[in-house]
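For reference, final_27.txt (compact mmCIF, C-alpha atoms and all ligand atoms):
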# COMPACT_ATOMS: atom_id res chain seq x y z
CA MET A 2 -13.77 6.16 19.77
CA ASN A 3 -10.78 4.16 18.55
CA ALA A 4 -12.07 0.81 17.29
CA TRP A 5 -8.53 -0.61 17.16
CA PRO A 6 -7.00 0.19 20.58
CA LYS A 7 -4.69 -2.85 20.57
CA SER A 8 -3.35 -1.95 17.13
CA SER A 9 -2.70 1.64 18.19
CA ALA A 10 -1.03 0.46 21.37
CA LEU A 11 1.27 -1.90 19.44
CA LEU A 12 2.35 0.87 17.10
CA LYS A 13 2.93 3.22 20.00
CA SER A 14 4.99 0.64 21.82
CA ASN A 15 7.05 -0.14 18.70
CA GLU A 16 7.71 3.55 18.16
CA GLN A 17 10.11 3.44 21.10
CA TRP A 18 12.49 1.36 18.99
CA ILE A 19 11.31 1.72 15.39
CA PRO A 20 10.78 5.16 13.83
CA GLY A 21 7.07 5.27 12.98
CA GLY A 22 6.53 1.96 14.79
CA VAL A 23 6.56 -0.18 11.62
CA VAL A 24 9.40 -1.35 9.40
CA SER A 25 7.94 -0.41 6.01
CA LEU A 26 6.18 2.87 6.53
CA ASN A 27 3.72 2.38 3.71
CA ARG A 28 2.18 -0.35 5.89
CA LYS A 29 1.07 2.25 8.41
CA SER A 30 -2.63 2.72 7.88
CA ASP A 31 -5.03 5.41 8.99
CA PRO A 32 -6.78 4.19 11.11
CA ASN A 33 -4.01 2.05 12.57
CA ILE A 34 -4.93 -1.57 12.05
CA CYS A 35 -2.48 -4.37 12.79
CA PHE A 36 -3.03 -7.99 11.86
CA GLU A 37 -1.94 -11.14 13.61
CA LYS A 38 -3.22 -13.97 11.46
CA GLY A 39 -4.00 -14.72 7.82
CA LYS A 40 -5.47 -17.84 6.25
CA GLY A 41 -6.77 -18.21 2.72
CA SER A 42 -8.82 -15.15 1.84
CA ARG A 43 -9.16 -14.02 5.45
CA VAL A 44 -7.13 -11.96 7.91
CA TRP A 45 -7.66 -11.23 11.61
CA ASP A 46 -6.63 -8.02 13.34
CA LEU A 47 -5.29 -7.69 16.89
CA GLU A 48 -8.78 -6.96 18.16
CA GLY A 49 -9.92 -10.35 16.83
CA ASN A 50 -11.98 -8.92 13.93
CA GLU A 51 -12.11 -11.11 10.83
CA TYR A 52 -11.95 -9.59 7.35
CA ILE A 53 -12.19 -10.76 3.76
CA ASP A 54 -8.82 -9.50 2.63
CA TYR A 55 -8.14 -7.66 -0.63
CA GLN A 56 -4.82 -6.17 0.45
CA ALA A 57 -3.07 -9.57 0.13
CA GLY A 58 0.21 -8.35 1.61
CA PHE A 59 0.51 -5.61 -1.04
CA ALA A 60 -0.62 -8.07 -3.74
CA ALA A 61 1.92 -10.77 -2.89
CA ALA A 62 -0.38 -13.48 -1.52
CA PHE A 63 -1.81 -14.46 -4.88
CA LEU A 64 -2.63 -18.02 -3.82
CA GLY A 65 -3.99 -16.77 -0.50
CA HIS A 66 -2.48 -16.45 2.95
CA ASN A 67 -0.61 -19.48 4.25
CA ASP A 68 -1.19 -21.55 1.16
CA PRO A 69 -0.88 -25.19 2.34
CA ASP A 70 1.29 -26.34 -0.61
CA VAL A 71 3.69 -23.44 -0.23
CA ASN A 72 3.84 -23.93 3.53
CA GLU A 73 4.55 -27.63 3.13
CA ALA A 74 7.43 -26.94 0.73
CA VAL A 75 8.91 -24.45 3.18
CA GLN A 76 8.51 -26.80 6.12
CA GLN A 77 10.23 -29.64 4.27
CA THR A 78 13.10 -27.36 3.35
CA LEU A 79 13.38 -26.01 6.87
CA GLY A 80 14.63 -29.33 8.11
CA GLU A 81 17.07 -29.82 5.26
CA ALA A 82 18.44 -26.87 3.40
CA THR A 83 18.70 -23.71 5.46
CA LEU A 84 22.40 -24.17 6.05
CA LEU A 85 23.35 -24.96 2.47
CA MET A 86 23.73 -21.38 1.39
CA GLY A 87 27.14 -19.80 1.44
CA ALA A 88 29.14 -21.80 -1.10
CA GLY A 89 28.00 -22.71 -4.58
CA PRO A 90 24.47 -22.91 -5.88
CA THR A 91 21.63 -24.95 -4.48
CA ASN A 92 19.51 -27.40 -6.46
CA LEU A 93 16.58 -25.25 -5.51
CA GLU A 94 17.76 -22.12 -7.31
CA GLY A 95 18.47 -24.09 -10.50
CA GLU A 96 15.07 -25.77 -10.32
CA PHE A 97 13.36 -22.44 -9.73
CA ALA A 98 15.23 -20.74 -12.60
CA ARG A 99 14.30 -23.56 -14.99
CA LEU A 100 10.64 -23.40 -13.98
CA PHE A 101 10.62 -19.61 -14.23
CA CYS A 102 12.12 -19.63 -17.74
CA GLU A 103 9.54 -22.20 -18.81
CA CYS A 104 6.75 -19.90 -17.56
CA VAL A 105 7.97 -16.55 -18.91
CA PRO A 106 8.68 -16.66 -22.67
CA THR A 107 11.05 -13.65 -22.67
CA ALA A 108 13.18 -15.13 -19.88
CA ASP A 109 16.23 -16.83 -21.38
CA SER A 110 17.78 -16.71 -17.95
CA VAL A 111 17.25 -15.07 -14.57
CA GLN A 112 19.02 -13.72 -11.55
CA ILE A 113 17.44 -13.78 -8.13
CA THR A 114 17.30 -11.15 -5.40
CA THR A 115 15.42 -10.80 -2.14
CA THR A 116 13.17 -7.86 -3.09
CA GLY A 117 11.54 -6.25 -6.10
CA SER A 118 13.50 -3.04 -5.50
CA GLU A 119 16.78 -4.89 -5.91
CA ALA A 120 15.46 -6.41 -9.13
CA THR A 121 14.62 -3.00 -10.66
CA TYR A 122 17.96 -1.65 -9.41
CA HIS A 123 19.88 -4.40 -11.20
CA ALA A 124 17.79 -4.16 -14.36
CA LEU A 125 18.68 -0.47 -14.67
CA ARG A 126 22.33 -1.22 -14.02
CA ILE A 127 22.31 -3.74 -16.85
CA ALA A 128 20.64 -1.20 -19.16
CA ARG A 129 23.38 1.30 -18.35
CA ALA A 130 26.15 -1.25 -18.77
CA VAL A 131 24.75 -2.48 -22.10
CA THR A 132 24.21 0.96 -23.63
CA GLY A 133 27.01 2.91 -21.98
CA ARG A 134 24.41 5.61 -21.25
CA ASP A 135 23.24 6.93 -17.88
CA HIS A 136 19.78 8.46 -18.34
CA ILE A 137 16.58 6.57 -17.66
CA ILE A 138 12.86 7.17 -18.11
CA VAL A 139 10.22 6.26 -15.51
CA MET A 140 6.50 6.95 -15.19
CA GLN A 141 4.63 9.57 -13.22
CA GLY A 142 2.48 7.59 -10.77
CA GLY A 143 4.54 4.43 -11.18
CA TYR A 144 6.28 2.70 -8.30
CA ASN A 145 9.37 0.62 -8.91
CA GLY A 146 10.95 0.48 -5.46
CA TRP A 147 12.78 2.73 -3.05
CA HIS A 148 16.24 3.31 -4.59
CA ASN A 149 17.71 6.50 -6.07
CA ASP A 150 16.59 5.87 -9.65
CA VAL A 151 12.96 5.23 -8.94
CA ALA A 152 11.82 6.86 -5.68
CA CYS A 153 9.47 9.29 -7.46
CA ASN A 154 5.99 10.55 -6.65
CA VAL A 155 3.36 7.84 -6.45
CA ILE A 156 0.08 8.92 -4.88
CA SER A 157 0.81 12.62 -4.63
CA SER A 158 -1.40 15.67 -4.88
CA LEU A 159 -1.50 17.87 -7.96
CA ALA A 160 0.09 20.55 -5.82
CA ASP A 161 3.12 18.26 -5.56
CA VAL A 162 3.32 17.02 -9.13
CA GLY A 163 2.07 20.08 -11.02
CA GLU A 164 -0.25 20.23 -14.03
CA ARG A 165 0.12 17.71 -16.84
CA VAL A 166 2.70 18.70 -19.44
CA SER A 167 2.97 17.01 -22.79
CA PRO A 168 5.30 16.54 -24.43
CA GLY A 169 7.70 17.01 -21.59
CA GLU A 170 8.93 15.75 -18.29
CA TYR A 171 8.44 16.35 -14.58
CA PRO A 172 11.18 17.27 -12.20
CA PHE A 173 12.30 14.26 -10.23
CA ASP A 174 10.24 15.11 -7.18
CA SER A 175 11.45 12.34 -4.99
CA LEU A 176 9.68 10.40 -2.28
CA SER A 177 12.89 10.42 -0.33
CA ALA A 178 15.39 12.87 1.01
CA GLY A 179 19.04 12.00 0.53
CA ILE A 180 19.09 11.45 -3.23
CA PRO A 181 22.00 13.37 -4.80
CA ALA A 182 20.98 16.13 -7.25
CA GLN A 183 23.43 14.66 -9.78
CA HIS A 184 21.52 11.41 -9.63
CA LYS A 185 18.11 13.06 -10.01
CA ALA A 186 19.38 14.73 -13.17
CA LEU A 187 19.65 11.28 -14.76
CA VAL A 188 16.03 10.32 -14.14
CA HIS A 189 13.24 11.60 -16.41
CA VAL A 190 9.67 11.25 -15.27
CA VAL A 191 7.04 11.21 -18.02
CA ASN A 192 3.29 10.65 -18.33
CA TYR A 193 2.16 7.08 -18.74
CA ASN A 194 0.38 6.52 -22.07
CA ASP A 195 2.12 9.57 -23.58
CA ILE A 196 4.52 8.62 -26.36
CA ALA A 197 5.27 12.25 -27.24
CA SER A 198 6.85 12.76 -23.79
CA VAL A 199 9.13 9.78 -24.29
CA GLU A 200 10.15 11.12 -27.71
CA TYR A 201 10.80 14.50 -26.10
CA ILE A 202 13.24 12.94 -23.61
CA ILE A 203 15.10 10.71 -26.03
CA LYS A 204 15.79 13.66 -28.32
CA ARG A 205 17.47 15.48 -25.46
CA TYR A 206 19.25 12.84 -23.39
CA PRO A 207 21.22 9.64 -23.97
CA VAL A 208 18.70 7.17 -22.56
CA ALA A 209 19.79 3.72 -21.36
CA GLY A 210 16.36 2.35 -20.61
CA ILE A 211 12.73 2.96 -19.91
CA LEU A 212 11.33 1.24 -16.84
CA LEU A 213 7.60 0.94 -16.38
CA GLU A 214 4.86 -1.16 -14.90
CA PRO A 215 3.04 -2.28 -18.04
CA ILE A 216 -0.18 -1.53 -16.13
CA LEU A 217 0.18 1.21 -13.49
CA GLN A 218 -0.90 -0.76 -10.46
CA ASN A 219 0.35 1.45 -7.68
CA VAL A 220 -2.29 4.08 -8.46
CA GLY A 221 -5.11 1.58 -8.96
CA ILE A 222 -5.34 0.00 -12.40
CA VAL A 223 -4.30 2.26 -15.27
CA LYS A 224 -4.12 0.27 -18.47
CA PRO A 225 -2.01 0.95 -21.53
CA LEU A 226 -3.90 2.55 -24.41
CA PRO A 227 -3.94 0.46 -27.60
CA GLY A 228 -0.54 0.67 -29.28
CA TYR A 229 1.25 2.38 -26.37
CA LEU A 230 3.47 -0.50 -25.29
CA GLU A 231 4.10 -1.41 -28.95
CA SER A 232 5.27 2.18 -29.60
CA LEU A 233 7.65 2.00 -26.65
CA ARG A 234 9.07 -1.23 -28.07
CA LYS A 235 9.60 0.48 -31.42
CA LEU A 236 11.25 3.55 -29.87
CA ALA A 237 13.57 1.33 -27.85
CA ASP A 238 14.60 -0.58 -30.98
CA GLU A 239 15.09 2.54 -33.07
CA ASN A 240 17.02 4.42 -30.42
CA GLY A 241 19.09 1.66 -28.90
CA PHE A 242 17.78 1.68 -25.35
CA LEU A 243 16.29 -1.17 -23.32
CA LEU A 244 12.60 -1.64 -22.65
CA ILE A 245 12.16 -2.91 -19.10
CA PHE A 246 8.81 -4.08 -17.79
CA ASP A 247 8.47 -3.94 -14.04
CA GLU A 248 6.19 -6.92 -13.50
CA VAL A 249 6.67 -7.01 -9.73
CA LYS A 250 2.90 -6.49 -9.38
CA THR A 251 1.57 -7.67 -12.72
CA GLY A 252 3.80 -10.75 -13.06
CA PHE A 253 2.24 -14.12 -12.25
CA ARG A 254 -0.92 -12.34 -11.07
CA HIS A 255 -2.28 -11.82 -14.59
CA ALA A 256 -0.74 -14.76 -16.40
CA LEU A 257 1.97 -17.35 -15.95
CA GLY A 258 4.07 -15.47 -18.49
CA GLY A 259 3.41 -12.07 -16.92
CA TYR A 260 1.34 -9.27 -18.40
CA GLN A 261 3.74 -9.35 -21.35
CA GLN A 262 2.17 -12.66 -22.32
CA LEU A 263 -1.25 -10.99 -22.52
CA CYS A 264 -0.20 -7.77 -24.24
CA GLY A 265 2.19 -9.49 -26.64
CA VAL A 266 4.94 -6.87 -26.29
CA ARG A 267 8.32 -8.39 -25.51
CA PRO A 268 10.51 -6.38 -23.14
CA ASP A 269 14.29 -6.73 -23.15
CA LEU A 270 14.32 -7.22 -19.41
CA SER A 271 11.63 -7.66 -16.82
CA THR A 272 11.50 -7.67 -13.07
CA PHE A 273 9.30 -9.79 -10.84
CA GLY A 274 8.60 -10.14 -7.12
CA LYS A 275 5.58 -10.39 -4.84
CA ALA A 276 3.36 -13.20 -6.23
CA VAL A 277 6.34 -15.21 -7.51
CA ALA A 278 6.85 -16.71 -4.05
CA ASN A 279 3.34 -16.07 -2.71
CA GLY A 280 4.51 -13.72 0.01
CA TYR A 281 8.03 -15.01 0.64
CA PRO A 282 10.71 -12.43 -0.16
CA MET A 283 12.01 -12.80 -3.69
CA GLY A 284 12.81 -10.55 -6.63
CA VAL A 285 13.76 -11.74 -10.12
CA ILE A 286 15.49 -10.07 -13.06
CA ALA A 287 14.68 -11.91 -16.25
CA GLY A 288 15.31 -11.37 -19.93
CA LYS A 289 17.48 -11.88 -22.93
CA LYS A 290 20.59 -13.95 -22.34
CA GLU A 291 22.82 -11.38 -24.04
CA TYR A 292 21.77 -8.86 -21.36
CA LEU A 293 21.65 -11.17 -18.34
CA ASP A 294 25.15 -12.30 -19.31
CA TYR A 295 26.44 -8.87 -18.31
CA PHE A 296 26.48 -10.35 -14.81
CA VAL A 297 29.33 -12.57 -16.02
CA HIS A 298 30.78 -10.36 -18.75
CA PRO A 299 34.32 -11.49 -19.64
CA GLU A 300 35.51 -7.86 -19.63
CA LYS A 301 35.69 -6.71 -16.04
CA SER A 302 34.84 -3.12 -16.92
CA LYS A 303 31.50 -4.26 -18.37
CA ARG A 304 30.57 -6.77 -15.70
CA VAL A 305 27.54 -5.92 -13.56
CA LEU A 306 27.86 -6.87 -9.91
CA ILE A 307 25.19 -9.00 -8.32
CA ALA A 308 25.59 -10.26 -4.78
CA GLY A 309 23.43 -10.85 -1.75
CA THR A 310 23.87 -13.06 1.29
CA PHE A 311 20.21 -14.03 1.19
CA ASN A 312 19.62 -14.17 -2.58
CA ALA A 313 17.56 -17.28 -3.37
CA HIS A 314 17.41 -18.24 0.27
CA PRO A 315 16.36 -21.91 0.29
CA LEU A 316 13.13 -21.29 2.21
CA THR A 317 12.06 -18.55 -0.18
CA THR A 318 13.12 -20.55 -3.19
CA ALA A 319 11.19 -23.60 -2.01
CA ALA A 320 8.15 -21.34 -1.62
CA ALA A 321 8.64 -19.95 -5.12
CA ILE A 322 8.98 -23.41 -6.68
CA ALA A 323 5.80 -24.57 -4.95
CA THR A 324 4.03 -21.40 -6.11
CA LEU A 325 5.08 -21.76 -9.74
CA ARG A 326 4.15 -25.45 -9.74
CA LYS A 327 0.70 -24.66 -8.39
CA LEU A 328 0.20 -21.85 -10.90
CA SER A 329 1.38 -24.10 -13.74
CA ALA A 330 -0.93 -26.94 -12.73
CA GLY A 331 -3.88 -25.01 -14.16
CA GLY A 332 -7.15 -23.68 -12.84
CA VAL A 333 -5.80 -20.71 -10.88
CA TYR A 334 -6.23 -18.03 -13.54
CA GLU A 335 -9.66 -19.29 -14.56
CA HIS A 336 -10.79 -19.13 -10.94
CA VAL A 337 -9.50 -15.65 -10.11
CA ASN A 338 -10.66 -14.22 -13.44
CA LYS A 339 -14.14 -15.59 -12.82
CA LEU A 340 -14.22 -14.00 -9.35
CA GLY A 341 -12.84 -10.75 -10.77
CA GLN A 342 -15.64 -10.63 -13.32
CA LEU A 343 -18.23 -11.37 -10.64
CA LEU A 344 -16.90 -8.55 -8.48
CA GLU A 345 -16.70 -6.13 -11.39
CA ASP A 346 -20.27 -6.87 -12.52
CA GLY A 347 -21.62 -6.57 -8.98
CA LEU A 348 -19.82 -3.30 -8.29
CA ASN A 349 -21.04 -1.91 -11.62
CA ASP A 350 -24.63 -2.74 -10.64
CA ILE A 351 -24.29 -1.25 -7.16
CA PHE A 352 -22.64 2.00 -8.20
CA SER A 353 -24.83 2.49 -11.30
CA ALA A 354 -27.79 2.69 -8.95
CA THR A 355 -26.16 5.52 -6.96
CA GLY A 356 -25.96 7.92 -9.88
CA ARG A 357 -22.42 8.79 -8.75
CA PRO A 358 -19.63 8.84 -11.35
CA PHE A 359 -17.51 5.71 -11.03
CA ASN A 360 -15.33 3.37 -13.01
CA VAL A 361 -14.50 -0.19 -12.02
CA ALA A 362 -11.01 -0.82 -13.39
CA ARG A 363 -9.89 -4.43 -13.42
CA GLN A 364 -7.30 -6.72 -14.87
CA GLY A 365 -7.99 -10.32 -13.90
CA SER A 366 -7.77 -10.51 -10.12
CA ALA A 367 -6.59 -6.91 -9.60
CA PHE A 368 -9.13 -4.12 -9.30
CA CYS A 369 -9.76 -0.56 -8.24
CA VAL A 370 -12.97 1.46 -8.10
CA TYR A 371 -12.38 5.02 -9.26
CA PHE A 372 -14.95 7.65 -8.44
CA MET A 373 -14.72 9.46 -11.76
CA ASP A 374 -16.65 9.00 -14.97
CA HIS A 375 -14.01 7.30 -17.14
CA ALA A 376 -11.09 4.89 -16.99
CA PRO A 377 -8.00 6.95 -16.17
CA VAL A 378 -5.15 7.18 -18.68
CA ASP A 379 -2.46 8.50 -16.35
CA PHE A 380 -1.87 9.80 -12.86
CA HIS A 381 -2.93 13.37 -13.67
CA ASP A 382 -6.25 12.08 -14.89
CA ILE A 383 -6.81 10.45 -11.50
CA ALA A 384 -5.52 13.41 -9.49
CA THR A 385 -7.83 15.75 -11.39
CA HIS A 386 -11.02 13.70 -11.54
CA HIS A 387 -11.10 11.08 -8.78
CA ASP A 388 -13.10 11.78 -5.60
CA PHE A 389 -10.43 10.92 -3.04
CA ALA A 390 -12.57 11.85 0.00
CA PHE A 391 -15.40 9.57 -1.10
CA ASP A 392 -12.95 6.76 -1.82
CA LYS A 393 -11.53 7.04 1.71
CA SER A 394 -15.01 6.88 3.33
CA TYR A 395 -15.95 3.94 1.09
CA ARG A 396 -12.90 1.99 2.24
CA LEU A 397 -13.48 2.84 5.92
CA LYS A 398 -17.13 1.81 5.78
CA LEU A 399 -16.17 -1.49 4.15
CA ILE A 400 -13.58 -2.12 6.86
CA GLU A 401 -16.29 -1.65 9.49
CA GLN A 402 -18.21 -4.38 7.64
CA GLY A 403 -15.24 -6.78 7.64
CA ILE A 404 -14.01 -6.17 4.10
CA PHE A 405 -10.39 -5.07 4.05
CA ASN A 406 -9.09 -2.88 1.27
CA PHE A 407 -6.13 -0.75 2.36
CA PRO A 408 -7.66 2.49 3.71
CA LEU A 409 -5.86 4.75 1.26
CA PRO A 410 -7.62 6.02 -1.88
CA ILE A 411 -6.75 4.38 -5.22
CA LYS A 412 -4.86 1.49 -3.64
CA GLN A 413 -5.38 -1.52 -5.89
CA GLY A 414 -7.29 -4.52 -4.49
CA SER A 415 -6.23 -8.14 -5.07
CA ILE A 416 -8.34 -11.26 -5.27
CA SER A 417 -6.49 -14.47 -4.47
CA PHE A 418 -6.94 -18.08 -5.53
CA ALA A 419 -8.21 -18.75 -2.00
CA HIS A 420 -11.17 -16.38 -2.42
CA THR A 421 -14.49 -18.05 -3.12
CA VAL A 422 -17.70 -17.08 -4.89
CA GLN A 423 -19.20 -16.69 -1.39
CA ASP A 424 -16.45 -14.20 -0.46
CA ILE A 425 -17.30 -12.07 -3.48
CA GLU A 426 -21.03 -12.32 -2.82
CA GLU A 427 -20.48 -11.27 0.80
CA THR A 428 -18.29 -8.37 -0.36
CA LEU A 429 -21.00 -7.20 -2.73
CA ALA A 430 -23.77 -7.60 -0.14
CA LYS A 431 -21.79 -5.49 2.32
CA THR A 432 -20.95 -2.91 -0.34
CA ASN A 433 -24.68 -2.66 -0.97
CA ILE A 434 -25.22 -1.91 2.70
CA ILE A 435 -22.56 0.78 2.91
CA VAL A 436 -23.33 2.73 -0.27
CA ASP A 437 -26.54 3.93 1.36
CA GLN A 438 -24.58 5.25 4.32
CA LEU A 439 -22.07 7.25 2.27
C1 LIG A 501 5.67 -2.45 -9.45
C2 LIG A 501 6.60 -2.55 -8.28
N1 LIG A 501 7.92 -2.60 -8.50
C3 LIG A 501 8.80 -2.73 -7.49
C4 LIG A 501 8.37 -2.79 -6.19
C5 LIG A 501 9.37 -2.94 -5.08
O1 LIG A 501 9.32 -4.23 -4.55
P1 LIG A 501 9.81 -4.50 -3.05
O2 LIG A 501 8.85 -3.82 -2.14
O3 LIG A 501 9.78 -6.00 -2.93
O4 LIG A 501 11.19 -3.95 -2.94
C6 LIG A 501 7.01 -2.74 -5.90
C7 LIG A 501 6.51 -2.79 -4.53
O5 LIG A 501 5.38 -2.48 -4.21
C8 LIG A 501 6.08 -2.61 -6.99
O6 LIG A 501 4.76 -2.53 -6.79

Rewrite the structure from the file as structure tokens, please.
Ligand SMILES: Cc1ncc(COP(=O)(O)O)c(C=O)c1O
Amino acid sequence: MNAWPKSSALLKSNEQWIPGGVVSLNRKSDPNICFEKGKGSRVWDLEGNEYIDYQAGFAAAFLGHNDPDVNEAVQQTLGEATLLMGAGPTNLEGEFARLFCECVPTADSVQITTTGSEATYHALRIARAVTGRDHIIVMQGGYNGWHNDVACNVISSLADVGERVSPGEYPFDSLSAGIPAQHKALVHVVNYNDIASVEYIIKRYPVAGILLEPILQNVGIVKPLPGYLESLRKLADENGFLLIFDEVKTGFRHALGGYQQLCGVRPDLSTFGKAVANGYPMGVIAGKKEYLDYFVHPEKSKRVLIAGTFNAHPLTTAAAIATLRKLSAGGVYEHVNKLGQLLEDGLNDIFSATGRPFNVARQGSAFCVYFMDHAPVDFHDIATHHDFAFDKSYRLKLIEQGIFNFPLPIKQGSISFAHTVQDIEETLAKTNIIVDQL
């Protein structure tokens, strides 16, 4: 029996006008569940079921759904500033840029887009303009957006990605049709945490930049091994290419200065999105002034184009300013880290008692339970050892209990500032119930 008939009906109806029935196809879940309301740590589906939410709009709602301070800033702006865009800057974008640069130590200046994909797109363009080289390196299992340079495998089967090779590279097996072969030839996909593969590529190709999530958070939580990010920094310096951290997921969620603040490795450029405006659409390219200034390079042949009718839309920018102010005011990171630790400890207790191999991977408020006996080091490690079928049943059983993690194995979960100790305790109590049924 379909427990979500209204959700299925909505998708079916939308399919008449939208291919697949939904505008970002990675939002389509199996089973189909559609939501109509979100507040704080909770979301409600079309059937009226309430859930404690760990999907958080693909990790964007870091303060929680409909944060009152963010909403108030947007509402104030709604009456004043929506028509200002179109000629010259707004006060809001300057204020946001100043706040952002105060938060992120490697940001001398920023440019603002509407999505994270645009931010990674522009960062790679700058790397190419700065170095005069065309080739780039990205990570197997990383996700950096939808465009030609980065639309590689994310959660794919071993049959799709092949066995691990090291040192070496994987063919650009793209997530999308329509990418020219000539373009794919410029993109080199390597193992995360594998310096030898990066060295292999840079010996063979003129590399403009390496783009990576400093923690792979689109295949759960895969952390850098000690020294890995430092070695990338060194290779970039020695070989004249740019190190670009894609902090669209890690940025602002783990620290005000991004994950780079915690790991101490300084990228040349970084990209942000998601949590920066707590769910309003914004992407940011940040970094060294000498690189950001390529957007206004005096020589036309070196100037990098940035344009966008909706870039730094006043409503989004007001939301982002309110978000950064709230994050800067203190208390947020302490709260989410405490809840993260509580969840991690509880899950460790529950799964230890099952005798099943598991690993609770966590960074602050972001977590993933792997059903394998060690913390993964790269995507192949997960694809080879993780029990995907068990993971799927675990997520479905939790959903039946009113705990929403996206029902796709190895999708990372996100705790928000709006979650409470009671939310975590309820999550653990319900996990305790379902482990006996699995
Ligand atoms: C690490 C990372 N980079 C880039 C993107 C693309 O951002 P957007 O979906 O806003 O285009 C995402 C989206 O999930 C992401 O997780």

TODO: Go through A:Ala10, A:Ala61, A:Ile180, A:Ala4 one by one, measure the shortest atom-to-atom distance of each to ligand LIG 501 (chain A) using only C-alpha atoms and all ligand atoms, and give the residue with the smallest value.
DONE: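 Looking only at the distances to ligand LIG 501 (chain A), the closest residue turns out to be A:Ala61.
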
Task: Residue list as a PyMOL selection string for point (-7.6, 7.0, -17.4), cut-off 12 Å, all atoms listed in the file - done: chain A and resi 192-195+216-217+220-226+359-362+371-387

- [ ] Using all atoms listed in the file, find each protein or nucleic acid residue lying at most 10 Å from ligand LIG 501 (chain A); present the set as a count of residues only.
- [x] 47

- [ ] Can you work out which one of A:Thr310, A:Asn240, A:Ser157, A:Thr324 has the shortest atom-to-atom distance to A:Pro69, counting only C-alpha atoms?
- [x]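 Residue with the minimum atom-to-atom distance to A:Pro69: A:Thr324.
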
Task: Residue nearest A:Asp294 - candidates A:Leu159, A:Ile53, A:Cys104, A:Val111, atoms counted: all atoms listed in the file - done: A:Val111

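Here atom CA of A:Val155 is placed at a distance of 4.4 Å from atom CA of A:Gly142.
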
Open item on the list: List as number ranges by chain the residues having at least one atom at most 8 Å from position (-6.8, -1.9, 10.3) as given in the file, counting all atoms listed in the file.
Closed with: A: 5, 8, 30-36, 46, 400, 405, 408
